[in-house]
>>> print(open('coords-v6.csv').read())   # CSV, C-alpha atoms
chain,number,residue,atom,x,y,z
A,1,MET,CA,-8.7,-46.2,-17.3
A,2,ALA,CA,-9.8,-49.1,-19.3
A,3,PHE,CA,-9.9,-48.7,-23.1
A,4,LEU,CA,-13.1,-50.8,-23.6
A,5,GLU,CA,-15.6,-50.7,-20.8
A,6,ILE,CA,-18.9,-52.7,-20.8
A,7,SER,CA,-21.2,-52.0,-17.9
A,8,GLY,CA,-24.4,-53.7,-17.0
A,9,LEU,CA,-25.1,-54.6,-20.6
A,10,ARG,CA,-28.4,-56.3,-21.4
A,11,LYS,CA,-29.8,-57.4,-24.7
A,12,ARG,CA,-33.4,-58.7,-25.1
A,13,PHE,CA,-35.0,-60.1,-28.2
A,14,GLY,CA,-38.8,-59.9,-27.5
A,15,ALA,CA,-39.3,-61.6,-24.1
A,16,VAL,CA,-36.0,-63.5,-24.3
A,17,ASP,CA,-32.9,-62.2,-22.4
A,18,ILE,CA,-29.8,-62.9,-24.5
A,19,LEU,CA,-27.2,-60.9,-22.5
A,20,LYS,CA,-27.9,-60.7,-18.8
A,21,GLY,CA,-25.8,-58.0,-17.3
A,22,ILE,CA,-22.3,-58.1,-18.9
A,23,ASP,CA,-19.5,-56.2,-17.1
A,24,LEU,CA,-16.1,-56.3,-18.8
A,25,GLU,CA,-13.0,-54.1,-19.1
A,26,LEU,CA,-10.1,-54.3,-21.5
A,27,GLU,CA,-6.9,-52.3,-21.4
A,28,LYS,CA,-5.5,-50.5,-24.5
A,29,GLY,CA,-3.6,-52.9,-26.7
A,30,GLY,CA,-5.3,-55.9,-25.0
A,31,PHE,CA,-6.6,-59.0,-26.7
A,32,LEU,CA,-10.0,-60.1,-25.3
A,33,VAL,CA,-11.4,-63.4,-26.4
A,34,LEU,CA,-15.1,-64.1,-25.9
A,35,VAL,CA,-15.5,-67.9,-25.7
A,36,GLY,CA,-18.3,-70.3,-25.0
A,37,PRO,CA,-20.6,-72.8,-26.6
A,38,SER,CA,-23.0,-72.0,-29.5
A,39,GLY,CA,-25.9,-69.8,-28.3
A,40,CYS,CA,-24.1,-68.4,-25.3
A,41,GLY,CA,-24.4,-64.8,-26.5
A,42,LYS,CA,-20.8,-64.1,-27.5
A,43,SER,CA,-21.5,-63.0,-31.1
A,44,THR,CA,-24.4,-60.9,-29.9
A,45,LEU,CA,-22.1,-59.2,-27.5
A,46,LEU,CA,-19.6,-58.5,-30.3
A,47,ASN,CA,-22.4,-57.1,-32.4
A,48,THR,CA,-23.4,-54.7,-29.7
A,49,ILE,CA,-19.8,-53.4,-29.5
A,50,ALA,CA,-19.8,-53.0,-33.2
A,51,GLY,CA,-23.2,-51.2,-33.2
A,52,LEU,CA,-24.8,-53.9,-35.4
A,53,GLU,CA,-27.2,-54.7,-32.5
A,54,THR,CA,-28.8,-52.1,-30.2
A,55,ILE,CA,-28.6,-52.8,-26.5
A,56,THR,CA,-31.6,-53.0,-24.1
A,57,SER,CA,-29.7,-51.3,-21.2
A,58,GLY,CA,-26.2,-50.7,-19.9
A,59,GLU,CA,-23.3,-48.8,-21.5
A,60,ILE,CA,-20.4,-49.4,-23.8
A,61,ARG,CA,-17.4,-47.0,-23.8
A,62,ILE,CA,-14.5,-47.0,-26.2
A,63,ASP,CA,-11.5,-45.0,-25.3
A,64,GLY,CA,-13.6,-43.2,-22.6
A,65,ARG,CA,-16.4,-42.3,-25.0
A,66,PRO,CA,-19.9,-43.7,-24.7
A,67,VAL,CA,-20.9,-45.3,-28.1
A,68,ASN,CA,-24.3,-46.7,-27.3
A,69,GLY,CA,-26.2,-44.5,-29.7
A,70,LEU,CA,-23.5,-44.2,-32.3
A,71,HIS,CA,-23.8,-45.6,-35.8
A,72,PRO,CA,-21.2,-48.3,-36.5
A,73,SER,CA,-19.4,-46.0,-38.9
A,74,LYS,CA,-18.8,-43.5,-36.1
A,75,ARG,CA,-17.3,-45.9,-33.6
A,76,ASP,CA,-13.8,-46.1,-35.2
A,77,ILE,CA,-13.9,-49.9,-35.3
A,78,ALA,CA,-13.0,-52.5,-38.0
A,79,MET,CA,-14.6,-56.0,-38.1
A,80,VAL,CA,-13.3,-59.2,-39.6
A,81,PHE,CA,-16.0,-61.7,-40.4
A,82,GLN,CA,-16.1,-65.5,-40.6
A,83,SER,CA,-17.2,-65.3,-44.3
A,84,TYR,CA,-14.3,-63.0,-45.4
A,85,ALA,CA,-16.9,-60.8,-47.3
A,86,LEU,CA,-14.6,-60.0,-50.2
A,87,TYR,CA,-15.7,-58.5,-53.5
A,88,PRO,CA,-15.2,-61.3,-56.1
A,89,ASN,CA,-14.7,-59.0,-59.1
A,90,MET,CA,-12.0,-57.0,-57.4
A,91,THR,CA,-8.3,-57.8,-57.0
A,92,VAL,CA,-6.7,-58.2,-53.5
A,93,ALA,CA,-5.4,-54.6,-53.8
A,94,GLY,CA,-8.9,-53.4,-54.8
A,95,ASN,CA,-10.6,-55.2,-51.9
A,96,ILE,CA,-8.1,-53.7,-49.4
A,97,ALA,CA,-8.4,-50.2,-50.9
A,98,PHE,CA,-12.2,-50.1,-51.4
A,99,GLY,CA,-13.0,-48.5,-48.0
A,100,MET,CA,-10.3,-45.9,-48.4
A,101,GLU,CA,-11.6,-45.1,-51.9
A,102,MET,CA,-15.1,-44.6,-50.6
A,103,ARG,CA,-13.7,-42.2,-48.0
A,104,GLY,CA,-11.9,-40.2,-50.6
A,105,VAL,CA,-8.4,-41.1,-49.6
A,106,PRO,CA,-5.9,-39.9,-52.3
A,107,PRO,CA,-4.5,-42.7,-54.6
A,108,GLN,CA,-0.9,-42.3,-53.4
A,109,GLU,CA,-2.0,-42.6,-49.8
A,110,ARG,CA,-4.0,-45.6,-50.6
A,111,LYS,CA,-1.0,-47.3,-52.3
A,112,GLN,CA,1.2,-46.6,-49.3
A,113,ALA,CA,-1.4,-48.1,-46.9
A,114,ILE,CA,-1.8,-51.2,-49.1
A,115,ASP,CA,1.9,-51.8,-49.4
A,116,LYS,CA,2.3,-51.4,-45.6
A,117,VAL,CA,-0.4,-53.9,-44.7
A,118,ALA,CA,0.7,-56.3,-47.5
A,119,LYS,CA,4.1,-56.4,-45.9
A,120,VAL,CA,2.8,-57.0,-42.4
A,121,LEU,CA,0.5,-59.8,-43.7
A,122,GLN,CA,2.9,-61.2,-46.2
A,123,ILE,CA,0.5,-60.9,-49.1
A,124,GLY,CA,2.5,-58.5,-51.4
A,125,HIS,CA,2.7,-61.2,-54.1
A,126,LEU,CA,-1.1,-61.6,-54.1
A,127,LEU,CA,-2.2,-58.0,-54.7
A,128,ASP,CA,-3.1,-58.6,-58.4
A,129,ARG,CA,-5.1,-61.8,-57.8
A,130,LYS,CA,-8.9,-62.2,-57.4
A,131,PRO,CA,-10.4,-63.9,-54.3
A,132,SER,CA,-11.3,-67.0,-56.4
A,133,GLN,CA,-7.5,-67.5,-56.9
A,134,LEU,CA,-6.7,-67.5,-53.2
A,135,SER,CA,-6.7,-70.2,-50.5
A,136,GLY,CA,-8.9,-69.8,-47.4
A,137,GLY,CA,-6.0,-68.6,-45.3
A,138,GLN,CA,-5.0,-66.1,-48.0
A,139,ARG,CA,-8.6,-64.7,-48.2
A,140,GLN,CA,-8.6,-64.3,-44.4
A,141,ARG,CA,-5.4,-62.3,-44.6
A,142,VAL,CA,-7.0,-60.1,-47.2
A,143,ALA,CA,-10.0,-59.5,-45.0
A,144,MET,CA,-7.6,-58.6,-42.1
A,145,GLY,CA,-5.7,-56.3,-44.5
A,146,ARG,CA,-8.9,-54.5,-45.4
A,147,ALA,CA,-9.5,-53.9,-41.7
A,148,LEU,CA,-5.9,-52.9,-40.9
A,149,VAL,CA,-5.7,-50.1,-43.5
A,150,ARG,CA,-8.4,-48.2,-41.7
A,151,ASP,CA,-6.2,-48.0,-38.6
A,152,PRO,CA,-9.2,-48.2,-36.2
A,153,LYS,CA,-9.1,-47.9,-32.4
A,154,LEU,CA,-10.7,-51.3,-32.0
A,155,PHE,CA,-10.6,-54.6,-34.1
A,156,LEU,CA,-13.5,-57.0,-33.8
A,157,PHE,CA,-13.0,-60.6,-35.1
A,158,ASP,CA,-16.1,-62.9,-35.4
A,159,GLU,CA,-15.0,-66.5,-35.5
A,160,PRO,CA,-12.5,-65.7,-38.4
A,161,LEU,CA,-10.9,-69.2,-38.5
A,162,SER,CA,-14.0,-71.5,-38.3
A,163,ASN,CA,-14.1,-72.1,-42.0
A,164,LEU,CA,-10.5,-73.3,-42.2
A,165,ASP,CA,-9.1,-76.8,-41.9
A,166,ALA,CA,-7.2,-77.8,-38.8
A,167,LYS,CA,-3.6,-77.1,-40.0
A,168,LEU,CA,-4.6,-73.8,-41.6
A,169,ARG,CA,-6.3,-72.7,-38.3
A,170,VAL,CA,-3.0,-73.2,-36.5
A,171,ASP,CA,-1.1,-71.2,-39.1
A,172,MET,CA,-3.6,-68.4,-39.1
A,173,ARG,CA,-3.7,-68.3,-35.3
A,174,ILE,CA,0.0,-67.6,-35.3
A,175,GLU,CA,-0.5,-64.9,-38.0
A,176,ILE,CA,-3.2,-63.2,-35.8
A,177,LYS,CA,-0.9,-63.4,-32.8
A,178,ARG,CA,2.0,-61.9,-34.8
A,179,LEU,CA,-0.3,-59.2,-36.1
A,180,HIS,CA,-1.3,-58.2,-32.6
A,181,GLN,CA,2.3,-58.1,-31.4
A,182,ALA,CA,3.3,-56.0,-34.4
A,183,THR,CA,0.5,-53.5,-34.3
A,184,GLY,CA,-0.3,-53.3,-30.6
A,185,LYS,CA,-4.0,-52.8,-31.5
A,186,THR,CA,-6.9,-53.6,-29.1
A,187,ILE,CA,-8.8,-56.7,-30.3
A,188,VAL,CA,-12.0,-58.4,-29.3
A,189,TYR,CA,-12.3,-61.9,-30.8
A,190,VAL,CA,-15.1,-64.3,-30.7
A,191,THR,CA,-14.6,-68.1,-30.9
A,192,HIS,CA,-16.0,-71.4,-29.6
A,193,ASP,CA,-12.5,-72.9,-29.7
A,194,GLN,CA,-10.9,-72.8,-26.3
A,195,ILE,CA,-7.5,-73.5,-27.8
A,196,GLU,CA,-7.7,-70.3,-29.8
A,197,ALA,CA,-8.8,-68.5,-26.6
A,198,MET,CA,-5.9,-69.8,-24.6
A,199,THR,CA,-3.2,-69.1,-27.2
A,200,LEU,CA,-4.4,-65.6,-28.4
A,201,ALA,CA,-5.9,-63.8,-25.4
A,202,THR,CA,-4.5,-61.5,-22.8
A,203,ARG,CA,-8.0,-61.7,-21.2
A,204,ILE,CA,-10.7,-64.3,-21.6
A,205,ALA,CA,-14.4,-64.0,-20.9
A,206,VAL,CA,-16.0,-67.5,-20.7
A,207,MET,CA,-19.7,-67.2,-21.4
A,208,LYS,CA,-22.7,-69.4,-20.9
A,209,ASP,CA,-26.4,-68.6,-21.3
A,210,GLY,CA,-25.7,-64.8,-21.7
A,211,ILE,CA,-23.7,-64.6,-18.5
A,212,VAL,CA,-19.9,-64.2,-18.1
A,213,GLN,CA,-19.0,-67.2,-16.0
A,214,GLN,CA,-15.4,-66.0,-15.5
A,215,PHE,CA,-13.2,-63.2,-16.7
A,216,GLY,CA,-9.4,-63.3,-16.3
A,217,THR,CA,-6.1,-64.1,-17.9
A,218,PRO,CA,-5.6,-67.4,-19.7
A,219,ALA,CA,-3.6,-68.7,-16.7
A,220,GLU,CA,-6.3,-67.7,-14.2
A,221,ILE,CA,-9.1,-69.3,-16.3
A,222,TYR,CA,-7.1,-72.5,-16.7
A,223,ASN,CA,-5.6,-73.0,-13.3
A,224,ASN,CA,-8.3,-71.4,-11.1
A,225,PRO,CA,-11.7,-72.1,-12.8
A,226,ALA,CA,-14.6,-70.3,-11.0
A,227,ASN,CA,-17.0,-73.1,-11.5
A,228,MET,CA,-17.5,-76.6,-13.0
A,229,PHE,CA,-18.6,-75.2,-16.4
A,230,VAL,CA,-15.3,-73.2,-16.8
A,231,ALA,CA,-13.3,-76.2,-15.6
A,232,ASP,CA,-14.9,-78.5,-18.1
A,233,PHE,CA,-15.0,-76.2,-21.0
A,234,MET,CA,-11.4,-74.8,-20.9
A,235,GLY,CA,-8.7,-77.4,-21.5
A,236,SER,CA,-8.1,-80.2,-24.0
A,237,PRO,CA,-8.5,-82.9,-22.8
A,238,ALA,CA,-11.0,-81.5,-20.3
A,239,MET,CA,-10.4,-81.4,-16.5
A,240,ASN,CA,-11.3,-84.7,-14.8
A,241,LEU,CA,-14.3,-83.9,-12.5
A,242,LEU,CA,-15.0,-86.7,-10.0
A,243,ALA,CA,-17.4,-87.4,-7.3
A,244,GLY,CA,-15.7,-87.6,-3.9
A,245,THR,CA,-16.1,-87.3,-0.2
A,246,ILE,CA,-14.1,-85.1,2.2
A,247,GLU,CA,-12.9,-86.9,5.3
A,248,ASN,CA,-11.3,-85.4,8.4
A,249,GLY,CA,-8.9,-87.7,10.1
A,250,ALA,CA,-5.9,-87.5,12.4
A,251,GLY,CA,-3.7,-86.6,9.6
A,252,GLY,CA,-5.9,-83.8,8.3
A,253,LEU,CA,-8.4,-83.6,5.4
A,254,THR,CA,-8.5,-86.2,2.6
A,255,VAL,CA,-10.7,-86.7,-0.4
A,256,SER,CA,-12.0,-90.2,-0.8
A,257,LEU,CA,-12.7,-91.5,-4.4
A,258,GLU,CA,-14.5,-94.7,-5.2
A,259,ARG,CA,-12.9,-97.1,-7.6
A,260,PRO,CA,-14.1,-100.4,-9.1
A,261,ASN,CA,-13.2,-103.7,-7.3
A,262,ALA,CA,-10.9,-101.9,-4.8
A,263,ALA,CA,-10.9,-99.9,-1.6
A,264,PRO,CA,-11.6,-96.1,-2.1
A,265,LEU,CA,-8.6,-94.1,-3.0
A,266,LYS,CA,-7.8,-91.5,-0.3
A,267,LEU,CA,-5.8,-88.5,-1.3
A,268,PRO,CA,-4.5,-85.8,1.0
A,269,VAL,CA,-5.9,-82.3,0.7
A,270,MET,CA,-3.2,-79.7,0.4
A,271,ALA,CA,-2.8,-77.6,3.5
A,272,GLY,CA,-4.5,-74.2,3.2
A,273,ASN,CA,-7.7,-75.4,1.6
A,274,ASN,CA,-9.6,-74.3,4.7
A,275,GLY,CA,-12.8,-73.8,2.7
A,276,LEU,CA,-13.2,-77.6,2.6
A,277,THR,CA,-13.3,-78.0,6.4
A,278,SER,CA,-17.1,-77.4,6.5
A,279,TYR,CA,-17.5,-80.1,3.9
A,280,ALA,CA,-16.1,-82.9,6.1
A,281,GLY,CA,-18.3,-85.9,5.6
A,282,LYS,CA,-20.0,-84.4,2.6
A,283,GLN,CA,-19.9,-85.0,-1.2
A,284,ILE,CA,-17.8,-82.7,-3.3
A,285,VAL,CA,-16.5,-82.7,-6.9
A,286,PHE,CA,-12.8,-83.2,-7.1
A,287,GLY,CA,-11.1,-81.7,-10.2
A,288,ILE,CA,-7.7,-82.5,-11.6
A,289,ARG,CA,-6.3,-81.8,-15.0
A,290,PRO,CA,-4.8,-84.7,-17.0
A,291,GLU,CA,-1.3,-83.2,-16.9
A,292,ALA,CA,-1.5,-83.2,-13.0
A,293,LEU,CA,-2.1,-87.0,-13.2
A,294,THR,CA,0.9,-88.7,-14.7
A,295,ASP,CA,3.5,-91.4,-14.4
A,296,PRO,CA,5.7,-90.9,-11.3
A,297,GLU,CA,8.9,-90.2,-13.4
A,298,GLY,CA,7.1,-87.4,-15.2
A,299,ALA,CA,5.6,-85.8,-12.1
A,300,ASP,CA,6.5,-82.2,-11.2
A,301,ARG,CA,9.3,-82.5,-8.6
A,302,ASN,CA,8.5,-79.0,-7.3
A,303,ALA,CA,5.0,-80.0,-6.3
A,304,ARG,CA,4.4,-79.6,-2.5
A,305,THR,CA,1.8,-82.4,-2.3
A,306,LEU,CA,2.3,-85.5,-4.5
A,307,ALA,CA,0.5,-88.8,-4.0
A,308,GLU,CA,0.9,-92.0,-5.8
A,309,SER,CA,-1.5,-94.9,-6.3
A,310,ASP,CA,-1.8,-98.1,-8.4
A,311,CYS,CA,-4.6,-97.7,-11.0
A,312,LEU,CA,-6.1,-100.2,-13.5
A,313,ILE,CA,-5.6,-98.8,-17.0
A,314,ASP,CA,-8.5,-99.4,-19.4
A,315,VAL,CA,-7.3,-97.6,-22.5
A,316,VAL,CA,-3.9,-96.2,-23.8
A,317,GLU,CA,-3.8,-93.5,-26.5
A,318,PRO,CA,-0.3,-92.7,-27.9
A,319,ALA,CA,-0.4,-89.1,-29.2
A,320,GLY,CA,3.1,-88.5,-30.3
A,321,SER,CA,4.4,-86.0,-27.8
A,322,ASP,CA,2.3,-87.5,-25.0
A,323,THR,CA,0.6,-90.7,-24.0
A,324,PHE,CA,-2.9,-90.6,-22.6
A,325,ALA,CA,-4.2,-93.3,-20.3
A,326,VAL,CA,-7.7,-93.9,-19.1
A,327,THR,CA,-8.6,-95.3,-15.7
A,328,LYS,CA,-11.8,-95.2,-13.5
A,329,LEU,CA,-12.2,-93.2,-10.3
A,330,GLY,CA,-15.2,-91.6,-8.6
A,331,GLY,CA,-17.5,-93.5,-10.9
A,332,LYS,CA,-16.1,-91.8,-14.1
A,333,GLU,CA,-13.4,-92.3,-16.7
A,334,VAL,CA,-10.3,-90.4,-15.8
A,335,VAL,CA,-7.7,-89.2,-18.3
A,336,ALA,CA,-4.0,-89.2,-17.3
A,337,ARG,CA,-1.3,-87.4,-19.4
A,338,LEU,CA,1.9,-89.4,-19.4
A,339,ARG,CA,5.3,-89.0,-21.0
A,340,ALA,CA,5.5,-90.1,-24.7
A,341,ASP,CA,7.8,-93.0,-23.7
A,342,ALA,CA,5.9,-94.1,-20.6
A,343,ARG,CA,5.7,-97.9,-20.5
A,344,ILE,CA,2.1,-98.6,-20.0
A,345,SER,CA,-0.5,-101.1,-21.5
A,346,ALA,CA,-4.2,-101.4,-21.4
A,347,GLY,CA,-5.4,-104.0,-18.9
A,348,GLN,CA,-2.4,-103.6,-16.5
A,349,THR,CA,-2.1,-101.9,-13.2
A,350,ALA,CA,0.2,-98.9,-13.3
A,351,ARG,CA,1.5,-96.4,-10.8
A,352,LEU,CA,0.1,-92.9,-11.3
A,353,ALA,CA,1.2,-89.7,-9.5
A,354,PHE,CA,-1.4,-87.1,-8.4
A,355,ASN,CA,-0.1,-83.5,-8.2
A,356,LEU,CA,-2.5,-82.2,-5.6
A,357,ASP,CA,-1.2,-78.7,-5.8
A,358,LYS,CA,-3.2,-78.5,-9.0
A,359,ALA,CA,-6.4,-80.0,-7.5
A,360,VAL,CA,-9.6,-78.0,-7.3
A,361,PHE,CA,-12.9,-78.7,-5.5
A,362,PHE,CA,-16.4,-77.8,-6.3
A,363,ASP,CA,-19.8,-77.8,-4.6
A,364,PRO,CA,-21.9,-80.5,-6.4
A,365,GLU,CA,-25.1,-78.5,-6.0
A,366,THR,CA,-24.1,-74.9,-6.8
A,367,GLN,CA,-21.2,-76.1,-9.1
A,368,ALA,CA,-19.1,-73.2,-7.7
A,369,ARG,CA,-15.5,-73.5,-6.7
A,370,ILE,CA,-14.9,-74.3,-3.0
A,371,ALA,CA,-11.1,-74.3,-3.0
>>> encode(input="coords-v6.csv", output="structure tokens")
Amino acid sequence: MAFLEISGLRKRFGAVDILKGIDLELEKGGFLVLVGPSGCGKSTLLNTIAGLETITSGEIRIDGRPVNGLHPSKRDIAMVFQSYALYPNMTVAGNIAFGMEMRGVPPQERKQAIDKVAKVLQIGHLLDRKPSQLSGGQRQRVAMGRALVRDPKLFLFDEPLSNLDAKLRVDMRIEIKRLHQATGKTIVYVTHDQIEAMTLATRIAVMKDGIVQQFGTPAEIYNNPANMFVADFMGSPAMNLLAGTIENGAGGLTVSLERPNAAPLKLPVMAGNNGLTSYAGKQIVFGIRPEALTDPEGADRNARTLAESDCLIDVVEPAGSDTFAVTKLGGKEVVARLRADARISAGQTARLAFNLDKAVFFDPETQARIA
């Protein structure tokens, strides 16, 4: 049985539907990330789990118990906010202990709990400081410590890293991952950052306009996107989505991609993509991630279907561990991810390898995945 179950959940503000029938399940000890653009409903969904927002219809169950009508204090959850919400006049130890003190936990028990979470979060040396004396990352650790001492059934994180700079975000991401591994707690985490989603989650729910577009593991979301929105939103750089035409010739199905000042590029469709047969002669959207479009020497030698073509390179972007090259296909700019030492220059024609095992196809009208 799932630890967190959300069934047919709807939330309406006035005449506006914010959540439109959400169905999700998370196993005990799982890490669910709700990800999507601003206004997609992810924070509202988190607030309904917390009890900070009432629901219009549907059901939320935590550890088998319906919590729809329960006050937040009765749900056995702890929430970590974007703003830290620390008491400025209290020390770190005081902030962590405050909730326990309000519940009448004995001083010795409070001290043991503080020492335990301080060790897990590596903030033992900060216990006597005030929040004003801490960095952003240290404040976020304190906010997590305050939640941890409660030992709740469920942790809720609402964009906890959005106020931090880029390097600190990476550091804190590792800390949250380490915290999850050390405690085995069940976590629901909201972010608009798809890198956070991919690196932290055991399950991801990609949301748009109050609807879950896809729910699955990070690998499923990344490699098998359900529609064009998921394909474009998840991944950095984003998946290349190109207009193409399916053709059925003597050698089987191919996808034809227009290119400037040259004949169309025709790429073989991997055997088994039978869903594309009915699209012969029709327009489709061809999707391929930058890492599946690379220099021939860097191509995956285990790929079953590799195709190579000469492409005119418009822009080259060295990025340290990789080199990104931009060319044009299907009427759009296409990003290829090459080895760091790939010898390539803007304005020249270069050989690129297409790993068609990784290609996906979408219906241009419905935007749903075909194959």
>>> closest_residue(input="coords-v6.csv", among="A:Ala226, A:Leu127, A:Ala197, A:Tyr87", to="Ala368 in chain A", atoms="all atoms listed in the file")
A:Ala226
>>> atom_distance(input="coords-v6.csv", atom1="CA of Glu258 in chain A", atom2="CA of Leu329 in chain A")
5.8 Å
>>> closest_residue(input="coords-v6.csv", among="A:Phe354, A:Phe229, A:Phe215, A:Phe324", to="Ile288 in chain A", atoms="all atoms listed in the file")
A:Phe354
>>> residues_around(input="coords-v6.csv", residues="Gly36 in chain A", least_positions_apart="4", cutoff="8 Å", atoms="only C-alpha atoms", output="PyMOL selection string")
chain A and resi 40+42+191-194+206-208+233
>>> atom_distance(input="coords-v6.csv", atom1="CA of Thr183 in chain A", atom2="CA of Leu148 in chain A")
9.2 Å
>>> closest_residue(input="coords-v6.csv", among="A:Ile370, A:Leu161, A:Ile123, A:Leu45", to="Ser278 in chain A", atoms="all atoms listed in the file")
A:Ile370
>>> residues_around(input="coords-v6.csv", residues="Glu220 in chain A", least_positions_apart="6", cutoff="10 Å", atoms="all atoms listed in the file", output="PyMOL selection string")
chain A and resi 203-204+214+226
>>> write_last_selection(input="coords-v6.csv", atoms="C-alpha atoms", output="PDB file, keeping the file's coordinate frame")
ATOM      1  CA  ARG A 203      -8.000 -61.700 -21.200  1.00  0.00           C
ATOM      2  CA  ILE A 204     -10.700 -64.300 -21.600  1.00  0.00           C
ATOM      3  CA  GLN A 214     -15.400 -66.000 -15.500  1.00  0.00           C
ATOM      4  CA  ALA A 226     -14.600 -70.300 -11.000  1.00  0.00           C
TER       5      ALA A 226
END
>>> atom_distance(input="coords-v6.csv", atom1="CA of Arg369 in chain A", atom2="CA of Asn227 in chain A")
5.0 Å
>>> closest_residue(input="coords-v6.csv", among="A:Ala319, A:Val67, A:Leu24, A:Ala85", to="Asp341 in chain A", atoms="only C-alpha atoms")
A:Ala319
>>> closest_residue(input="coords-v6.csv", among="A:Val188, A:Met102, A:Val315, A:Ala147", to="Thr48 in chain A", atoms="only C-alpha atoms")
A:Val188
>>> residues_around(input="coords-v6.csv", residues="range 330-337 of chain A", least_positions_apart="6", cutoff="12 Å", atoms="only C-alpha atoms", output="ChimeraX atom specification")
/A:236-245,255-266,283-296,298-299,311-324,344,350-355
>>> write_last_selection(input="coords-v6.csv", atoms="C-alpha atoms", output="compact mmCIF listing (two decimals), in the coordinates of the input")
# COMPACT_ATOMS: atom_id res chain seq x y z
CA SER A 236 -8.10 -80.20 -24.00
CA PRO A 237 -8.50 -82.90 -22.80
CA ALA A 238 -11.00 -81.50 -20.30
CA MET A 239 -10.40 -81.40 -16.50
CA ASN A 240 -11.30 -84.70 -14.80
CA LEU A 241 -14.30 -83.90 -12.50
CA LEU A 242 -15.00 -86.70 -10.00
CA ALA A 243 -17.40 -87.40 -7.30
CA GLY A 244 -15.70 -87.60 -3.90
CA THR A 245 -16.10 -87.30 -0.20
CA VAL A 255 -10.70 -86.70 -0.40
CA SER A 256 -12.00 -90.20 -0.80
CA LEU A 257 -12.70 -91.50 -4.40
CA GLU A 258 -14.50 -94.70 -5.20
CA ARG A 259 -12.90 -97.10 -7.60
CA PRO A 260 -14.10 -100.40 -9.10
CA ASN A 261 -13.20 -103.70 -7.30
CA ALA A 262 -10.90 -101.90 -4.80
CA ALA A 263 -10.90 -99.90 -1.60
CA PRO A 264 -11.60 -96.10 -2.10
CA LEU A 265 -8.60 -94.10 -3.00
CA LYS A 266 -7.80 -91.50 -0.30
CA GLN A 283 -19.90 -85.00 -1.20
CA ILE A 284 -17.80 -82.70 -3.30
CA VAL A 285 -16.50 -82.70 -6.90
CA PHE A 286 -12.80 -83.20 -7.10
CA GLY A 287 -11.10 -81.70 -10.20
CA ILE A 288 -7.70 -82.50 -11.60
CA ARG A 289 -6.30 -81.80 -15.00
CA PRO A 290 -4.80 -84.70 -17.00
CA GLU A 291 -1.30 -83.20 -16.90
CA ALA A 292 -1.50 -83.20 -13.00
CA LEU A 293 -2.10 -87.00 -13.20
CA THR A 294 0.90 -88.70 -14.70
CA ASP A 295 3.50 -91.40 -14.40
CA PRO A 296 5.70 -90.90 -11.30
CA GLY A 298 7.10 -87.40 -15.20
CA ALA A 299 5.60 -85.80 -12.10
CA CYS A 311 -4.60 -97.70 -11.00
CA LEU A 312 -6.10 -100.20 -13.50
CA ILE A 313 -5.60 -98.80 -17.00
CA ASP A 314 -8.50 -99.40 -19.40
CA VAL A 315 -7.30 -97.60 -22.50
CA VAL A 316 -3.90 -96.20 -23.80
CA GLU A 317 -3.80 -93.50 -26.50
CA PRO A 318 -0.30 -92.70 -27.90
CA ALA A 319 -0.40 -89.10 -29.20
CA GLY A 320 3.10 -88.50 -30.30
CA SER A 321 4.40 -86.00 -27.80
CA ASP A 322 2.30 -87.50 -25.00
CA THR A 323 0.60 -90.70 -24.00
CA PHE A 324 -2.90 -90.60 -22.60
CA ILE A 344 2.10 -98.60 -20.00
CA ALA A 350 0.20 -98.90 -13.30
CA ARG A 351 1.50 -96.40 -10.80
CA LEU A 352 0.10 -92.90 -11.30
CA ALA A 353 1.20 -89.70 -9.50
CA PHE A 354 -1.40 -87.10 -8.40
CA ASN A 355 -0.10 -83.50 -8.20
>>> closest_residue(input="coords-v6.csv", among="A:Thr305, A:Thr202, A:Asn163, A:Ser7", to="Leu356 in chain A", atoms="only C-alpha atoms")
A:Thr305
>>> residues_around(input="coords-v6.csv", residues="Gly275 in chain A", least_positions_apart="3", cutoff="12 Å", atoms="only C-alpha atoms", output="mmCIF file with C-alpha atoms, in the coordinates of the input")
data_model
loop_
_atom_site.group_PDB
_atom_site.id
_atom_site.type_symbol
_atom_site.label_atom_id
_atom_site.label_comp_id
_atom_site.auth_asym_id
_atom_site.auth_seq_id
_atom_site.Cartn_x
_atom_site.Cartn_y
_atom_site.Cartn_z
ATOM 1 C CA ILE A 246 -14.100 -85.100 2.200
ATOM 2 C CA LEU A 253 -8.400 -83.600 5.400
ATOM 3 C CA VAL A 269 -5.900 -82.300 0.700
ATOM 4 C CA MET A 270 -3.200 -79.700 0.400
ATOM 5 C CA ALA A 271 -2.800 -77.600 3.500
ATOM 6 C CA GLY A 272 -4.500 -74.200 3.200
ATOM 7 C CA SER A 278 -17.100 -77.400 6.500
ATOM 8 C CA TYR A 279 -17.500 -80.100 3.900
ATOM 9 C CA ALA A 280 -16.100 -82.900 6.100
ATOM 10 C CA ILE A 284 -17.800 -82.700 -3.300
ATOM 11 C CA VAL A 360 -9.600 -78.000 -7.300
ATOM 12 C CA PHE A 361 -12.900 -78.700 -5.500
ATOM 13 C CA PHE A 362 -16.400 -77.800 -6.300
ATOM 14 C CA ASP A 363 -19.800 -77.800 -4.600
ATOM 15 C CA ARG A 369 -15.500 -73.500 -6.700
ATOM 16 C CA ILE A 370 -14.900 -74.300 -3.000
ATOM 17 C CA ALA A 371 -11.100 -74.300 -3.000
#
>>> residues_around(input="coords-v6.csv", residues="range 168-178 of chain A", least_positions_apart="4", cutoff="7 Å", atoms="all atoms listed in the file", output="VMD selection string")
chain A and resid 137 161 164 182 200
